[in-house]
Amino acid sequence: MHYGLIGYPLSHSFSRQYFSQKFEREQLSNCRYDLFAIEHIDLLPDLLQQNPDLCGLNVTIPYKQSVLAYINEQSPAVQQIGAVNCIKIKQGRLIGYNTDVIGFEQSLMPLLQAHHKAALVLGNGGAAKAVCWVLQKLGIPVYYSVEASKQP
């Protein structure tokens, strides 16, 4: 089974090492994980054609929003957030998910206290959109930095 990460650049990514070690620990010798540094999201169809055995992709900067143009089916969270960070490839169809929401919510919940009445979000990319979605779901008003010209 073949998985990977798309984004550009990917020099910051530890995903290959993380997943390779995980596959080894879980004794999944038939799995591999590759980094696909694509300079433009419009190269995704070529990548998929060159790697027909791909089962799934993680998505990182700068493609969490622009990859939506290639997604055939969106999870409810993706439909509301407008950003994808995980793609399941099934019978040639791309199904988009956003697992950032799960990670952020699970990290935030144990830290929330009664005096936490609002949040300031710095940024407006795909991860920021997931953060805002979780905060709004929890009933926490969200404020945006002046630097973030587009609100999620």
# chains A, B, ... in the order shown; residues from 1 in each chain; ligands from 1

$ select_by_dssp --residues "stretch 56-101 of chain A" --states "strand (DSSP E)" --output "count of residues only"
16

$ residues_around --residues "A:Leu10" --least-positions-apart "5" --cutoff "8 Å" --atoms "only C-alpha atoms" --output "mmCIF file with C-alpha atoms, in the first residue's frame"
data_model
loop_
_atom_site.group_PDB
_atom_site.id
_atom_site.type_symbol
_atom_site.label_atom_id
_atom_site.label_comp_id
_atom_site.auth_asym_id
_atom_site.auth_seq_id
_atom_site.Cartn_x
_atom_site.Cartn_y
_atom_site.Cartn_z
ATOM 1 C CA LEU A 35 7.108 12.746 -0.098
ATOM 2 C CA PHE A 36 5.810 14.393 -3.268
ATOM 3 C CA ALA A 37 7.055 17.961 -3.462
#

$ residues_around --residues "A:Pro52" --least-positions-apart "2" --cutoff "10 Å" --atoms "only C-alpha atoms" --output "number ranges by chain"
A: 2, 47-50, 54-55, 89, 92

$ write_last_selection --atoms "C-alpha atoms" --output "short mmCIF file (atom, residue, chain, number, x, y, z; two decimals), in the first residue's frame"
data_model
loop_
_atom_site.label_atom_id
_atom_site.label_comp_id
_atom_site.auth_asym_id
_atom_site.auth_seq_id
_atom_site.Cartn_x
_atom_site.Cartn_y
_atom_site.Cartn_z
CA HIS A 2 1.39 3.34 -1.05
CA LEU A 47 1.30 12.52 -9.81
CA LEU A 48 -1.75 10.30 -9.48
CA GLN A 49 -1.31 8.93 -12.99
CA GLN A 50 2.39 8.19 -12.33
CA LEU A 54 -1.51 5.39 -4.19
CA CYS A 55 -4.13 4.70 -1.51
CA ILE A 89 -8.05 7.37 -2.87
CA GLY A 92 -9.76 6.53 -8.67
#

$ residues_around --residues "A:Leu57" --least-positions-apart "3" --cutoff "6 Å" --atoms "only C-alpha atoms" --output "list in words"
Tyr3, Gly4, Leu5, Cys86 and Ile87 of chain A

$ residues_around --residues "stretch 107-121 of chain A" --least-positions-apart "2" --cutoff "9 Å" --atoms "only C-alpha atoms" --output "PDB file with C-alpha atoms, in the first residue's frame"
ATOM      1  CA  ILE A 102      -9.631  16.271  15.560  1.00  0.00           C
ATOM      2  CA  GLY A 103      -6.075  17.026  16.624  1.00  0.00           C
ATOM      3  CA  PHE A 104      -6.789  20.609  17.581  1.00  0.00           C
ATOM      4  CA  GLU A 105      -9.986  19.831  19.470  1.00  0.00           C
ATOM      5  CA  GLY A 123      -3.316  33.286  10.039  1.00  0.00           C
ATOM      6  CA  ASN A 124      -5.892  32.349   7.460  1.00  0.00           C
ATOM      7  CA  ALA A 128      -6.305  28.227  10.729  1.00  0.00           C
ATOM      8  CA  VAL A 131      -8.901  25.895  14.282  1.00  0.00           C
ATOM      9  CA  CYS A 132     -11.645  28.493  13.760  1.00  0.00           C
ATOM     10  CA  LEU A 135     -13.523  27.162  18.272  1.00  0.00           C
ATOM     11  CA  GLY A 139     -19.000  28.396  21.189  1.00  0.00           C
ATOM     12  CA  ILE A 140     -15.795  30.402  21.565  1.00  0.00           C
ATOM     13  CA  PRO A 141     -15.863  33.725  19.682  1.00  0.00           C
ATOM     14  CA  VAL A 142     -13.010  34.051  17.215  1.00  0.00           C
ATOM     15  CA  TYR A 143     -11.084  37.226  16.438  1.00  0.00           C
ATOM     16  CA  TYR A 144      -8.691  37.508  13.529  1.00  0.00           C
ATOM     17  CA  SER A 145      -5.383  39.318  13.361  1.00  0.00           C
ATOM     18  CA  ALA A 148      -4.858  37.873   8.205  1.00  0.00           C
TER      19      ALA A 148
END

$ select_by_dssp --residues "chain A" --states "alpha helix (DSSP H)" --output "PyMOL selection string"
chain A and resi 15-25+44-50+76-81+100-108+126-137

$ atom_distance --atom1 "atom CA of A:Gly125" --atom2 "atom CA of A:Arg16"
23.1 Å

$ closest_residue --among "A:Ser75, A:Asn98, A:Asn85, A:Gln27" --to "A:Ile61" --atoms "only C-alpha atoms"
A:Asn85

$ residues_around --residues "A:Ala77" --least-positions-apart "6" --cutoff "10 Å" --atoms "only C-alpha atoms" --output "list of chain:residue names"
A:Ala83, A:Val84, A:Gly96, A:Tyr97, A:Asn98, A:Thr99, A:Val101, A:Ala130, A:Trp133, A:Val134

$ write_last_selection --atoms "N, CA and C atoms" --output "PDB file, in the first residue's frame"
ATOM      1  N   ALA A  83     -11.071  23.233   3.674  1.00  0.00           N
ATOM      2  CA  ALA A  83      -9.663  22.834   3.651  1.00  0.00           C
ATOM      3  C   ALA A  83      -9.560  21.325   3.873  1.00  0.00           C
ATOM      4  N   VAL A  84      -8.606  20.710   3.182  1.00  0.00           N
ATOM      5  CA  VAL A  84      -8.374  19.268   3.233  1.00  0.00           C
ATOM      6  C   VAL A  84      -6.935  19.025   3.672  1.00  0.00           C
ATOM      7  N   GLY A  96     -11.906  13.756   0.410  1.00  0.00           N
ATOM      8  CA  GLY A  96     -11.182  14.687   1.268  1.00  0.00           C
ATOM      9  C   GLY A  96     -11.691  14.720   2.693  1.00  0.00           C
ATOM     10  N   TYR A  97     -10.754  14.753   3.625  1.00  0.00           N
ATOM     11  CA  TYR A  97     -11.051  14.833   5.059  1.00  0.00           C
ATOM     12  C   TYR A  97     -10.205  15.944   5.680  1.00  0.00           C
ATOM     13  N   ASN A  98     -10.596  16.351   6.869  1.00  0.00           N
ATOM     14  CA  ASN A  98      -9.781  17.308   7.621  1.00  0.00           C
ATOM     15  C   ASN A  98      -9.562  16.747   9.014  1.00  0.00           C
ATOM     16  N   THR A  99      -8.386  16.175   9.237  1.00  0.00           N
ATOM     17  CA  THR A  99      -8.050  15.619  10.547  1.00  0.00           C
ATOM     18  C   THR A  99      -7.435  16.665  11.466  1.00  0.00           C
ATOM     19  N   VAL A 101      -8.940  19.151  12.570  1.00  0.00           N
ATOM     20  CA  VAL A 101      -9.975  19.480  13.558  1.00  0.00           C
ATOM     21  C   VAL A 101      -9.929  18.527  14.744  1.00  0.00           C
ATOM     22  N   ALA A 130      -9.390  25.256  10.158  1.00  0.00           N
ATOM     23  CA  ALA A 130      -9.790  24.137  11.012  1.00  0.00           C
ATOM     24  C   ALA A 130      -9.871  24.583  12.470  1.00  0.00           C
ATOM     25  N   TRP A 133     -13.002  26.630  12.998  1.00  0.00           N
ATOM     26  CA  TRP A 133     -14.183  25.777  12.966  1.00  0.00           C
ATOM     27  C   TRP A 133     -14.393  25.115  14.323  1.00  0.00           C
ATOM     28  N   VAL A 134     -13.312  24.592  14.916  1.00  0.00           N
ATOM     29  CA  VAL A 134     -13.410  23.952  16.232  1.00  0.00           C
ATOM     30  C   VAL A 134     -13.825  24.968  17.285  1.00  0.00           C
TER      31      VAL A 134
END

$ atom_distance --atom1 "atom CA of A:Leu138" --atom2 "atom CA of A:Gln65"
23.1 Å

$ closest_residue --among "A:Phe14, A:Ser66, A:Asn58, A:Tyr8" --to "A:Glu39" --atoms "only C-alpha atoms"
A:Tyr8

$ atom_distance --atom1 "atom CA of A:Tyr18" --atom2 "atom CA of A:Tyr33"
9.2 Å

$ closest_residue --among "A:Val78, A:Leu94, A:Met1, A:Leu28" --to "A:Pro45" --atoms "only C-alpha atoms"
A:Leu94
